[in-house]
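Quick look at coords.cif (mmCIF, C-alpha atoms and all ligand atoms; chains and numbers go by the auth columns):
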data_entry
#
loop_
_atom_site.group_PDB
_atom_site.id
_atom_site.type_symbol
_atom_site.label_atom_id
_atom_site.label_comp_id
_atom_site.label_asym_id
_atom_site.label_seq_id
_atom_site.Cartn_x
_atom_site.Cartn_y
_atom_site.Cartn_z
_atom_site.B_iso_or_equiv
_atom_site.auth_seq_id
_atom_site.auth_asym_id
ATOM 1 C CA MET A 1 -1.128 224.559 164.972 0.00 1234 A
ATOM 2 C CA LEU A 2 -3.450 224.476 168.003 0.00 1235 A
ATOM 3 C CA LYS A 3 -4.689 221.032 166.960 0.00 1236 A
ATOM 4 C CA ARG A 4 -1.100 219.739 166.539 0.00 1237 A
ATOM 5 C CA ASN A 5 -0.200 220.974 170.046 0.00 1238 A
ATOM 6 C CA GLY A 6 -3.347 219.335 171.424 0.00 1239 A
ATOM 7 C CA ASN A 7 -2.366 216.000 169.824 0.00 1240 A
ATOM 8 C CA ARG A 8 1.138 216.224 171.266 0.00 1241 A
ATOM 9 C CA VAL A 9 -0.223 216.931 174.758 0.00 1242 A
ATOM 10 C CA GLU A 10 -2.614 213.977 174.440 0.00 1243 A
ATOM 11 C CA SER A 11 0.174 211.662 173.260 0.00 1244 A
ATOM 12 C CA LEU A 12 2.425 212.831 176.124 0.00 1245 A
ATOM 13 C CA ARG A 13 -0.390 212.227 178.615 0.00 1246 A
ATOM 14 C CA ARG A 14 -0.914 208.691 177.289 0.00 1247 A
ATOM 15 C CA ARG A 15 2.817 207.961 177.535 0.00 1248 A
ATOM 16 C CA LEU A 16 2.903 209.304 181.103 0.00 1249 A
ATOM 17 C CA ASN A 17 -0.068 207.089 182.037 0.00 1250 A
ATOM 18 C CA ARG A 18 1.745 204.055 180.610 0.00 1251 A
ATOM 19 C CA VAL A 19 4.935 204.918 182.538 0.00 1252 A
ATOM 20 C CA ASN A 20 2.892 205.369 185.743 0.00 1253 A
ATOM 21 C CA ALA A 21 1.150 202.007 185.242 0.00 1254 A
ATOM 22 C CA VAL A 22 4.499 200.210 184.803 0.00 1255 A
ATOM 23 C CA ARG A 23 5.938 202.036 187.845 0.00 1256 A
ATOM 24 C CA THR A 24 2.922 201.019 189.983 0.00 1257 A
ATOM 25 C CA ARG A 25 3.235 197.385 188.849 0.00 1258 A
ATOM 26 C CA VAL A 26 6.956 197.273 189.643 0.00 1259 A
ATOM 27 C CA LEU A 27 6.427 198.884 193.072 0.00 1260 A
ATOM 28 C CA ASP A 28 3.632 196.378 193.822 0.00 1261 A
ATOM 29 C CA GLU A 29 5.916 193.500 192.863 0.00 1262 A
ATOM 30 C CA VAL A 30 8.620 194.856 195.194 0.00 1263 A
ATOM 31 C CA LYS A 31 6.105 195.159 198.074 0.00 1264 A
ATOM 32 C CA PHE A 32 4.943 191.628 197.389 0.00 1265 A
ATOM 33 C CA ILE A 33 8.443 190.143 197.333 0.00 1266 A
ATOM 34 C CA ARG A 34 9.232 191.971 200.585 0.00 1267 A
ATOM 35 C CA SER A 35 6.081 190.588 202.197 0.00 1268 A
ATOM 36 C CA TRP A 36 6.903 187.087 200.916 0.00 1269 A
ATOM 37 C CA ALA A 37 10.472 187.337 202.269 0.00 1270 A
ATOM 38 C CA GLN A 38 9.115 188.325 205.712 0.00 1271 A
ATOM 39 C CA ASN A 39 6.489 185.579 205.818 0.00 1272 A
ATOM 40 C CA PRO A 40 6.445 183.169 202.849 0.00 1273 A
ATOM 41 C CA LEU A 41 3.670 180.936 204.196 0.00 1274 A
ATOM 42 C CA ARG A 42 1.332 183.849 204.815 0.00 1275 A
ATOM 43 C CA THR A 43 1.943 185.695 201.549 0.00 1276 A
ATOM 44 C CA GLY A 44 1.861 182.442 199.619 0.00 1277 A
ATOM 45 C CA ALA A 45 3.137 183.784 196.261 0.00 1278 A
ATOM 46 C CA VAL A 46 6.144 185.761 195.102 0.00 1279 A
ATOM 47 C CA THR A 47 4.221 188.062 192.757 0.00 1280 A
ATOM 48 C CA PRO A 48 0.650 189.317 192.597 0.00 1281 A
ATOM 49 C CA SER A 49 -1.897 187.432 190.464 0.00 1282 A
ATOM 50 C CA GLY A 50 -2.193 188.509 186.847 0.00 1283 A
ATOM 51 C CA PRO A 51 -5.180 190.497 185.560 0.00 1284 A
ATOM 52 C CA ASP A 52 -6.603 187.526 183.603 0.00 1285 A
ATOM 53 C CA LEU A 53 -6.852 185.372 186.714 0.00 1286 A
ATOM 54 C CA ALA A 54 -8.318 188.291 188.684 0.00 1287 A
ATOM 55 C CA ALA A 55 -10.935 188.917 185.962 0.00 1288 A
ATOM 56 C CA ARG A 56 -11.823 185.193 185.840 0.00 1289 A
ATOM 57 C CA MET A 57 -12.417 185.245 189.616 0.00 1290 A
ATOM 58 C CA ALA A 58 -14.592 188.358 189.371 0.00 1291 A
ATOM 59 C CA SER A 59 -16.560 186.858 186.462 0.00 1292 A
ATOM 60 C CA PHE A 60 -18.399 184.503 188.851 0.00 1293 A
ATOM 61 C CA LEU A 61 -20.110 187.493 190.500 0.00 1294 A
ATOM 62 C CA SER A 62 -22.579 190.084 189.209 0.00 1295 A
ATOM 63 C CA PRO A 63 -23.165 193.388 190.976 0.00 1296 A
ATOM 64 C CA SER A 64 -26.583 194.481 192.192 0.00 1297 A
ATOM 65 C CA PRO A 65 -27.512 197.773 193.932 0.00 1298 A
ATOM 66 C CA ARG A 66 -27.028 196.304 197.441 0.00 1299 A
ATOM 67 C CA SER A 67 -24.284 193.726 196.865 0.00 1300 A
ATOM 68 C CA ARG A 68 -22.204 192.552 199.812 0.00 1301 A
ATOM 69 C CA VAL A 69 -19.015 190.855 198.718 0.00 1302 A
ATOM 70 C CA VAL A 70 -16.012 189.988 200.891 0.00 1303 A
ATOM 71 C CA GLU A 71 -12.496 189.648 199.521 0.00 1304 A
ATOM 72 C CA LEU A 72 -10.012 187.579 201.531 0.00 1305 A
ATOM 73 C CA GLY A 73 -6.283 188.263 201.135 0.00 1306 A
ATOM 74 C CA PRO A 74 -6.448 191.206 198.692 0.00 1307 A
ATOM 75 C CA GLY A 75 -2.715 191.965 198.983 0.00 1308 A
ATOM 76 C CA THR A 76 -1.971 194.862 196.624 0.00 1309 A
ATOM 77 C CA GLY A 77 -5.539 194.831 195.244 0.00 1310 A
ATOM 78 C CA VAL A 78 -5.342 193.074 191.866 0.00 1311 A
ATOM 79 C CA VAL A 79 -8.566 191.125 192.413 0.00 1312 A
ATOM 80 C CA THR A 80 -10.134 194.195 194.049 0.00 1313 A
ATOM 81 C CA ARG A 81 -9.511 196.115 190.838 0.00 1314 A
ATOM 82 C CA ALA A 82 -11.152 193.341 188.789 0.00 1315 A
ATOM 83 C CA LEU A 83 -14.207 193.510 191.086 0.00 1316 A
ATOM 84 C CA VAL A 84 -14.423 197.292 190.647 0.00 1317 A
ATOM 85 C CA GLU A 85 -14.073 196.897 186.864 0.00 1318 A
ATOM 86 C CA ARG A 86 -16.858 194.290 187.014 0.00 1319 A
ATOM 87 C CA GLY A 87 -19.110 197.040 188.417 0.00 1320 A
ATOM 88 C CA PHE A 88 -18.945 196.664 192.189 0.00 1321 A
ATOM 89 C CA ALA A 89 -19.075 199.985 194.051 0.00 1322 A
ATOM 90 C CA HIS A 90 -16.571 200.599 196.837 0.00 1323 A
ATOM 91 C CA ASP A 91 -19.254 200.182 199.514 0.00 1324 A
ATOM 92 C CA HIS A 92 -20.221 196.765 198.100 0.00 1325 A
ATOM 93 C CA LEU A 93 -16.913 195.351 199.281 0.00 1326 A
ATOM 94 C CA ASN A 94 -15.216 194.414 202.563 0.00 1327 A
ATOM 95 C CA LEU A 95 -11.522 193.586 202.226 0.00 1328 A
ATOM 96 C CA VAL A 96 -9.981 191.284 204.852 0.00 1329 A
ATOM 97 C CA GLU A 97 -6.193 191.469 204.917 0.00 1330 A
ATOM 98 C CA TYR A 98 -3.686 190.372 207.561 0.00 1331 A
ATOM 99 C CA SER A 99 -0.751 192.574 206.568 0.00 1332 A
ATOM 100 C CA ALA A 100 -0.814 196.141 207.935 0.00 1333 A
ATOM 101 C CA ASP A 101 1.326 197.362 205.006 0.00 1334 A
ATOM 102 C CA PHE A 102 -1.086 195.958 202.426 0.00 1335 A
ATOM 103 C CA CYS A 103 -4.018 197.467 204.392 0.00 1336 A
ATOM 104 C CA ASP A 104 -2.393 200.936 204.216 0.00 1337 A
ATOM 105 C CA LEU A 105 -1.901 200.534 200.459 0.00 1338 A
ATOM 106 C CA LEU A 106 -5.511 199.363 199.922 0.00 1339 A
ATOM 107 C CA ASN A 107 -6.870 202.303 201.942 0.00 1340 A
ATOM 108 C CA LEU A 108 -4.921 204.700 199.722 0.00 1341 A
ATOM 109 C CA ARG A 109 -5.870 202.935 196.515 0.00 1342 A
ATOM 110 C CA TYR A 110 -9.572 202.375 197.235 0.00 1343 A
ATOM 111 C CA PRO A 111 -10.872 205.302 199.323 0.00 1344 A
ATOM 112 C CA GLY A 112 -14.233 204.609 200.946 0.00 1345 A
ATOM 113 C CA MET A 113 -13.813 200.856 200.773 0.00 1346 A
ATOM 114 C CA THR A 114 -13.858 199.016 204.110 0.00 1347 A
ATOM 115 C CA VAL A 115 -10.455 197.455 204.714 0.00 1348 A
ATOM 116 C CA LEU A 116 -10.485 195.193 207.777 0.00 1349 A
ATOM 117 C CA GLN A 117 -7.105 194.273 209.140 0.00 1350 A
ATOM 118 C CA GLY A 118 -7.617 190.824 210.581 0.00 1351 A
ATOM 119 C CA ASP A 119 -7.619 187.089 210.211 0.00 1352 A
ATOM 120 C CA ALA A 120 -9.688 185.530 207.446 0.00 1353 A
ATOM 121 C CA TYR A 121 -9.690 182.260 209.406 0.00 1354 A
ATOM 122 C CA ALA A 122 -11.680 184.077 212.129 0.00 1355 A
ATOM 123 C CA LEU A 123 -14.010 185.506 209.517 0.00 1356 A
ATOM 124 C CA ARG A 124 -17.087 186.192 211.620 0.00 1357 A
ATOM 125 C CA ALA A 125 -15.046 188.079 214.231 0.00 1358 A
ATOM 126 C CA THR A 126 -13.178 190.069 211.566 0.00 1359 A
ATOM 127 C CA LEU A 127 -16.384 191.076 209.741 0.00 1360 A
ATOM 128 C CA ASN A 128 -17.788 192.202 213.112 0.00 1361 A
ATOM 129 C CA LYS A 129 -15.185 194.993 213.327 0.00 1362 A
ATOM 130 C CA PRO A 130 -16.388 198.604 212.786 0.00 1363 A
ATOM 131 C CA GLY A 131 -17.435 199.079 209.165 0.00 1364 A
ATOM 132 C CA GLY A 132 -17.656 195.329 208.532 0.00 1365 A
ATOM 133 C CA PHE A 133 -20.802 193.753 207.091 0.00 1366 A
ATOM 134 C CA LEU A 134 -21.462 191.988 210.419 0.00 1367 A
ATOM 135 C CA ALA A 135 -20.722 195.024 212.638 0.00 1368 A
ATOM 136 C CA GLY A 136 -23.117 194.932 215.584 0.00 1369 A
ATOM 137 C CA ASN A 137 -24.645 191.601 214.550 0.00 1370 A
ATOM 138 C CA ALA A 138 -21.963 188.939 214.621 0.00 1371 A
ATOM 139 C CA GLN A 139 -24.438 186.040 214.621 0.00 1372 A
ATOM 140 C CA GLN A 140 -26.131 186.904 211.331 0.00 1373 A
ATOM 141 C CA ASN A 141 -26.100 184.231 208.591 0.00 1374 A
ATOM 142 C CA HIS A 142 -26.860 184.199 204.842 0.00 1375 A
ATOM 143 C CA LEU A 143 -25.922 187.843 204.387 0.00 1376 A
ATOM 144 C CA LEU A 144 -23.222 187.815 201.713 0.00 1377 A
ATOM 145 C CA ASP A 145 -23.511 187.655 197.913 0.00 1378 A
ATOM 146 C CA GLY A 146 -20.015 186.304 197.436 0.00 1379 A
ATOM 147 C CA ILE A 147 -16.609 185.661 198.972 0.00 1380 A
ATOM 148 C CA VAL A 148 -13.514 185.889 196.782 0.00 1381 A
ATOM 149 C CA SER A 149 -10.367 184.415 198.275 0.00 1382 A
ATOM 150 C CA SER A 150 -6.711 184.486 197.237 0.00 1383 A
ATOM 151 C CA LEU A 151 -5.560 183.055 200.575 0.00 1384 A
ATOM 152 C CA PRO A 152 -2.692 180.580 200.304 0.00 1385 A
ATOM 153 C CA LEU A 153 -5.036 177.877 201.628 0.00 1386 A
ATOM 154 C CA LEU A 154 -2.693 174.969 201.029 0.00 1387 A
ATOM 155 C CA THR A 155 -0.270 176.286 203.662 0.00 1388 A
ATOM 156 C CA ARG A 156 -2.955 175.446 206.252 0.00 1389 A
ATOM 157 C CA PRO A 157 -4.025 171.988 207.482 0.00 1390 A
ATOM 158 C CA GLU A 158 -7.091 170.420 205.852 0.00 1391 A
ATOM 159 C CA ALA A 159 -9.189 170.863 209.029 0.00 1392 A
ATOM 160 C CA VAL A 160 -8.494 174.631 209.117 0.00 1393 A
ATOM 161 C CA ARG A 161 -9.354 175.023 205.412 0.00 1394 A
ATOM 162 C CA HIS A 162 -12.518 173.053 205.959 0.00 1395 A
ATOM 163 C CA ALA A 163 -13.549 175.197 208.951 0.00 1396 A
ATOM 164 C CA LEU A 164 -13.036 178.350 206.864 0.00 1397 A
ATOM 165 C CA LEU A 165 -15.225 177.016 204.039 0.00 1398 A
ATOM 166 C CA GLU A 166 -17.953 175.965 206.507 0.00 1399 A
ATOM 167 C CA GLU A 167 -17.980 179.411 208.133 0.00 1400 A
ATOM 168 C CA ALA A 168 -17.988 181.115 204.721 0.00 1401 A
ATOM 169 C CA LEU A 169 -20.933 179.020 203.483 0.00 1402 A
ATOM 170 C CA GLU A 170 -22.893 179.921 206.638 0.00 1403 A
ATOM 171 C CA LEU A 171 -22.325 183.616 205.936 0.00 1404 A
ATOM 172 C CA LEU A 172 -23.223 183.367 202.234 0.00 1405 A
ATOM 173 C CA LYS A 173 -26.755 183.478 200.880 0.00 1406 A
ATOM 174 C CA PRO A 174 -27.941 180.055 199.604 0.00 1407 A
ATOM 175 C CA GLY A 175 -26.253 179.376 196.266 0.00 1408 A
ATOM 176 C CA ALA A 176 -23.858 182.335 196.550 0.00 1409 A
ATOM 177 C CA PRO A 177 -20.257 181.491 195.584 0.00 1410 A
ATOM 178 C CA PHE A 178 -17.081 181.035 197.600 0.00 1411 A
ATOM 179 C CA ILE A 179 -14.418 181.665 194.954 0.00 1412 A
ATOM 180 C CA GLN A 180 -10.821 180.520 195.409 0.00 1413 A
ATOM 181 C CA PHE A 181 -7.926 180.202 193.002 0.00 1414 A
ATOM 182 C CA SER A 182 -5.281 177.531 193.191 0.00 1415 A
ATOM 183 C CA TYR A 183 -2.279 176.332 191.220 0.00 1416 A
ATOM 184 C CA GLY A 184 -2.929 172.672 192.045 0.00 1417 A
ATOM 185 C CA LEU A 185 -4.733 169.845 190.260 0.00 1418 A
ATOM 186 C CA ALA A 186 -7.095 169.010 193.107 0.00 1419 A
ATOM 187 C CA ALA A 187 -9.744 171.162 194.781 0.00 1420 A
ATOM 188 C CA PRO A 188 -8.102 173.224 197.584 0.00 1421 A
ATOM 189 C CA VAL A 189 -10.787 172.101 200.057 0.00 1422 A
ATOM 190 C CA LYS A 190 -12.257 168.588 199.857 0.00 1423 A
ATOM 191 C CA LEU A 191 -16.030 168.371 199.942 0.00 1424 A
ATOM 192 C CA THR A 192 -17.412 166.869 203.116 0.00 1425 A
ATOM 193 C CA GLY A 193 -20.493 168.980 203.914 0.00 1426 A
ATOM 194 C CA ARG A 194 -23.905 167.837 202.667 0.00 1427 A
ATOM 195 C CA GLY A 195 -25.376 169.866 199.840 0.00 1428 A
ATOM 196 C CA VAL A 196 -22.082 171.568 198.962 0.00 1429 A
ATOM 197 C CA SER A 197 -20.906 171.567 195.335 0.00 1430 A
ATOM 198 C CA VAL A 198 -17.697 172.672 193.652 0.00 1431 A
ATOM 199 C CA ILE A 199 -16.815 173.436 190.049 0.00 1432 A
ATOM 200 C CA SER A 200 -13.509 174.543 188.562 0.00 1433 A
ATOM 201 C CA SER A 201 -12.786 176.927 185.721 0.00 1434 A
ATOM 202 C CA GLU A 202 -10.525 176.151 182.782 0.00 1435 A
ATOM 203 C CA TRP A 203 -6.814 176.837 183.392 0.00 1436 A
ATOM 204 C CA VAL A 204 -5.830 180.493 183.130 0.00 1437 A
ATOM 205 C CA TRP A 205 -2.633 179.904 181.147 0.00 1438 A
ATOM 206 C CA LYS A 206 -1.680 183.574 180.974 0.00 1439 A
ATOM 207 C CA ASN A 207 -1.198 183.640 184.742 0.00 1440 A
ATOM 208 C CA LEU A 208 2.248 182.821 186.090 0.00 1441 A
ATOM 209 C CA PRO A 209 2.074 180.121 187.289 0.00 1442 A
ATOM 210 C CA PRO A 210 -1.101 178.959 185.493 0.00 1443 A
ATOM 211 C CA ALA A 211 -4.029 178.702 187.889 0.00 1444 A
ATOM 212 C CA ARG A 212 -7.651 177.633 188.087 0.00 1445 A
ATOM 213 C CA VAL A 213 -10.630 179.105 189.898 0.00 1446 A
ATOM 214 C CA TRP A 214 -12.718 176.887 192.176 0.00 1447 A
ATOM 215 C CA VAL A 215 -16.290 177.848 193.064 0.00 1448 A
ATOM 216 C CA TYR A 216 -18.036 176.312 196.072 0.00 1449 A
ATOM 217 C CA ARG A 217 -21.759 176.743 196.707 0.00 1450 A
ATOM 218 C CA LYS A 218 -24.337 175.417 199.126 0.00 1451 A
ATOM 219 C CA GLY A 219 -28.083 175.073 198.846 0.00 1452 A
ATOM 220 C CA HIS A 220 -28.977 175.894 195.281 0.00 1453 A
HETATM 221 C C1 LIG B . -1.263 184.908 197.453 0.00 1501 B
HETATM 222 S S1 LIG B . -1.467 186.522 198.178 0.00 1501 B
HETATM 223 C C2 LIG B . -2.785 187.119 197.120 0.00 1501 B
HETATM 224 C C3 LIG B . -2.783 188.625 196.935 0.00 1501 B
HETATM 225 C C4 LIG B . -3.676 189.149 195.820 0.00 1501 B
HETATM 226 N N1 LIG B . -5.085 188.932 196.062 0.00 1501 B
HETATM 227 C C5 LIG B . -3.302 188.519 194.512 0.00 1501 B
HETATM 228 O O1 LIG B . -4.072 187.670 194.025 0.00 1501 B
HETATM 229 O O2 LIG B . -2.255 188.864 193.982 0.00 1501 B
HETATM 230 C C6 LIG B . -2.250 186.129 199.707 0.00 1501 B
HETATM 231 C C7 LIG B . -2.706 187.315 200.530 0.00 1501 B
HETATM 232 O O3 LIG B . -3.423 186.804 201.650 0.00 1501 B
HETATM 233 C C8 LIG B . -3.041 187.522 202.818 0.00 1501 B
HETATM 234 N N2 LIG B . -3.302 186.623 203.964 0.00 1501 B
HETATM 235 C C9 LIG B . -2.655 185.477 204.276 0.00 1501 B
HETATM 236 N N3 LIG B . -3.196 184.903 205.372 0.00 1501 B
HETATM 237 C C10 LIG B . -4.222 185.706 205.763 0.00 1501 B
HETATM 238 C C11 LIG B . -5.168 185.634 206.808 0.00 1501 B
HETATM 239 N N4 LIG B . -5.168 184.635 207.679 0.00 1501 B
HETATM 240 N N5 LIG B . -6.090 186.609 206.892 0.00 1501 B
HETATM 241 C C12 LIG B . -6.115 187.638 206.000 0.00 1501 B
HETATM 242 N N6 LIG B . -5.225 187.758 204.975 0.00 1501 B
HETATM 243 C C13 LIG B . -4.288 186.803 204.860 0.00 1501 B
HETATM 244 C C14 LIG B . -1.567 187.813 202.595 0.00 1501 B
HETATM 245 O O4 LIG B . -1.111 188.874 203.419 0.00 1501 B
HETATM 246 C C15 LIG B . -1.581 188.154 201.095 0.00 1501 B
HETATM 247 O O5 LIG B . -1.890 189.504 200.895 0.00 1501 B
#
Exercise: express the given structure as structure tokens:
Amino acid sequence: MLKRNGNRVESLRRRLNRVNAVRTRVLDEVKFIRSWAQNPLRTGAVTPSGPDLAARMASFLSPSPRSRVVELGPGTGVVTRALVERGFAHDHLNLVEYSADFCDLLNLRYPGMTVLQGDAYALRATLNKPGGFLAGNAQQNHLLDGIVSSLPLLTRPEAVRHALLEEALELLKPGAPFIQFSYGLAAPVKLTGRGVSVISSEWVWKNLPPARVWVYRKGH
């Protein structure tokens, strides 16, 4: 009798967890659509990335005890979750997000993680804010183990995208990856810098729309 009651409680708990997960996903989609409606070019997509794409992005990084990884454009935190599931601790990550609403959500969802409200295209200045990896030492280079970006890069001119990549590669340790997804056929930033390489992943067909992950590195 006691065992049967225990099983029923467990099954109810599992069902409740499933309902909560669906509710969270739907609420995130609503927040995303609202953000897109307010500023389509900045939000860049109508729905959050799927978990397969997020996991593929995270797969290019491996945690170590003192990792420093920056996520650009976390939105509702799908890629953030994949990074946490990959083994990154909250204090390994700095999240850089423009939208104040998304920042509030990320602070609630990932307590203890540094969420920097600011512009990813002024990366050094944004990471110099209190709590950021560059706080108090804005000129430091080769500090980061990875940068993971979901920014809608193609809404910006080529020169702006190129400047972002250059700044990111200066901040990354030699050989550390700048990871960016895109829905397009061509690399989102053309290679012009010496010693910079790019590879792309296979298509992640389960994502809607299907996407690929591009990984830029310098000096390895
Ligand atoms: C395509 S969404 C990606 C959200 C989430 N990472 C995902 O994959 O579902 C782009 C995100 O980048 C943010 N963003 C756009 N421009 C930005 C900028 N200049 N600096 C920081 N965040 C920016 C948007 O607010 C949005 O959250």
Hits from the PyMOL selection byres (((chain A and resi 1325) around 6) and not hetatm), listed as a ChimeraX atom specification: /A:1300-1301,1322-1324,1326
Of the listed residues A:Gly1306, A:Pro1284, A:Gly1239, A:Pro1296, that which approaches ligand LIG 1501 (chain B) most closely, counting all atoms listed in the file: A:Gly1306
Applying the PyMOL selection byres (((chain A and resi 1431) around 9) and not hetatm) to the file I just gave you, which residues come out? Please list them as a PDB file with C-alpha atoms, keeping the file's coordinate frame.
ATOM      1  CA  ALA A1420      -9.744 171.162 194.781  1.00  0.00           C
ATOM      2  CA  LEU A1424     -16.030 168.371 199.942  1.00  0.00           C
ATOM      3  CA  VAL A1429     -22.082 171.568 198.962  1.00  0.00           C
ATOM      4  CA  SER A1430     -20.906 171.567 195.335  1.00  0.00           C
ATOM      5  CA  ILE A1432     -16.815 173.436 190.049  1.00  0.00           C
ATOM      6  CA  SER A1433     -13.509 174.543 188.562  1.00  0.00           C
ATOM      7  CA  TRP A1447     -12.718 176.887 192.176  1.00  0.00           C
ATOM      8  CA  VAL A1448     -16.290 177.848 193.064  1.00  0.00           C
ATOM      9  CA  TYR A1449     -18.036 176.312 196.072  1.00  0.00           C
ATOM     10  CA  ARG A1450     -21.759 176.743 196.707  1.00  0.00           C
TER      11      ARG A1450
END
Picked residues, the PyMOL selection byres (((chain A and resi 1360-1371) around 12) and not hetatm), expected as a PyMOL selection string: chain A and resi 1299-1305+1324-1330+1345-1359+1372-1378+1400-1401+1404-1405
Contacts to ligand LIG 1501 (chain B) at 7 Å cut-off (only C-alpha atoms and all ligand atoms) as a PyMOL selection string: chain A and resi 1275-1278+1280-1282+1287+1305-1312+1329-1332+1335+1351-1354+1383-1385
For atom CA of A:Arg1247 and atom CA of A:Glu1318, the interatomic separation in Å (one decimal):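 Distance reported for this atom pair: 20.1 Å.
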One-decimal distance in Å that lies between atom CA of A:Ser1244 and atom CA of A:Asp1285: 27.1 Å
Once you add 4 Å to each side, what are the centre and edge lengths of the axis-aligned box holding all listed atoms of stretch 1336-1339 of chain A? One decimal in Å, as JSON, if you can.
{"center_x": -3.7, "center_y": 199.2, "center_z": 202.2, "size_x": 11.6, "size_y": 11.5, "size_z": 12.5}
Generate the missing atoms of stretch 1415-1430 of chain A up to N, CA and C atoms and report them as a PDB file, in the frame of the given file.
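selection-v7.pdb, freshly written:
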ATOM      1  N   SER A1415      -6.395 178.371 192.737  1.00  0.00           N
ATOM      2  CA  SER A1415      -5.281 177.531 193.191  1.00  0.00           C
ATOM      3  C   SER A1415      -4.445 177.114 191.988  1.00  0.00           C
ATOM      4  N   TYR A1416      -3.187 176.774 192.281  1.00  0.00           N
ATOM      5  CA  TYR A1416      -2.279 176.332 191.220  1.00  0.00           C
ATOM      6  C   TYR A1416      -2.315 174.803 191.079  1.00  0.00           C
ATOM      7  N   GLY A1417      -3.004 174.137 191.995  1.00  0.00           N
ATOM      8  CA  GLY A1417      -2.929 172.672 192.045  1.00  0.00           C
ATOM      9  C   GLY A1417      -3.947 171.990 191.154  1.00  0.00           C
ATOM     10  N   LEU A1418      -3.816 170.635 191.089  1.00  0.00           N
ATOM     11  CA  LEU A1418      -4.733 169.845 190.260  1.00  0.00           C
ATOM     12  C   LEU A1418      -6.030 169.541 191.006  1.00  0.00           C
ATOM     13  N   ALA A1419      -5.914 169.413 192.330  1.00  0.00           N
ATOM     14  CA  ALA A1419      -7.095 169.010 193.107  1.00  0.00           C
ATOM     15  C   ALA A1419      -7.743 170.227 193.759  1.00  0.00           C
ATOM     16  N   ALA A1420      -9.025 170.072 194.106  1.00  0.00           N
ATOM     17  CA  ALA A1420      -9.744 171.162 194.781  1.00  0.00           C
ATOM     18  C   ALA A1420      -9.014 171.524 196.081  1.00  0.00           C
ATOM     19  N   PRO A1421      -8.852 172.828 196.386  1.00  0.00           N
ATOM     20  CA  PRO A1421      -8.102 173.224 197.584  1.00  0.00           C
ATOM     21  C   PRO A1421      -8.774 172.829 198.899  1.00  0.00           C
ATOM     22  N   VAL A1422     -10.099 172.635 198.866  1.00  0.00           N
ATOM     23  CA  VAL A1422     -10.787 172.101 200.057  1.00  0.00           C
ATOM     24  C   VAL A1422     -11.637 170.930 199.589  1.00  0.00           C
ATOM     25  N   LYS A1423     -11.464 169.764 200.240  1.00  0.00           N
ATOM     26  CA  LYS A1423     -12.257 168.588 199.857  1.00  0.00           C
ATOM     27  C   LYS A1423     -13.688 168.771 200.328  1.00  0.00           C
ATOM     28  N   LEU A1424     -14.623 168.232 199.557  1.00  0.00           N
ATOM     29  CA  LEU A1424     -16.030 168.371 199.942  1.00  0.00           C
ATOM     30  C   LEU A1424     -16.376 167.341 201.004  1.00  0.00           C
ATOM     31  N   THR A1425     -16.921 167.825 202.121  1.00  0.00           N
ATOM     32  CA  THR A1425     -17.412 166.869 203.116  1.00  0.00           C
ATOM     33  C   THR A1425     -18.838 167.226 203.528  1.00  0.00           C
ATOM     34  N   GLY A1426     -19.172 168.528 203.458  1.00  0.00           N
ATOM     35  CA  GLY A1426     -20.493 168.980 203.914  1.00  0.00           C
ATOM     36  C   GLY A1426     -21.592 168.522 202.965  1.00  0.00           C
ATOM     37  N   ARG A1427     -22.772 168.230 203.515  1.00  0.00           N
ATOM     38  CA  ARG A1427     -23.905 167.837 202.667  1.00  0.00           C
ATOM     39  C   ARG A1427     -24.415 169.039 201.900  1.00  0.00           C
ATOM     40  N   GLY A1428     -24.772 168.802 200.649  1.00  0.00           N
ATOM     41  CA  GLY A1428     -25.376 169.866 199.840  1.00  0.00           C
ATOM     42  C   GLY A1428     -24.391 170.893 199.329  1.00  0.00           C
ATOM     43  N   VAL A1429     -23.085 170.612 199.455  1.00  0.00           N
ATOM     44  CA  VAL A1429     -22.082 171.568 198.962  1.00  0.00           C
ATOM     45  C   VAL A1429     -21.550 171.051 197.621  1.00  0.00           C
ATOM     46  N   SER A1430     -21.431 171.964 196.646  1.00  0.00           N
ATOM     47  CA  SER A1430     -20.906 171.567 195.335  1.00  0.00           C
ATOM     48  C   SER A1430     -19.677 172.402 195.019  1.00  0.00           C
TER      49      SER A1430
END
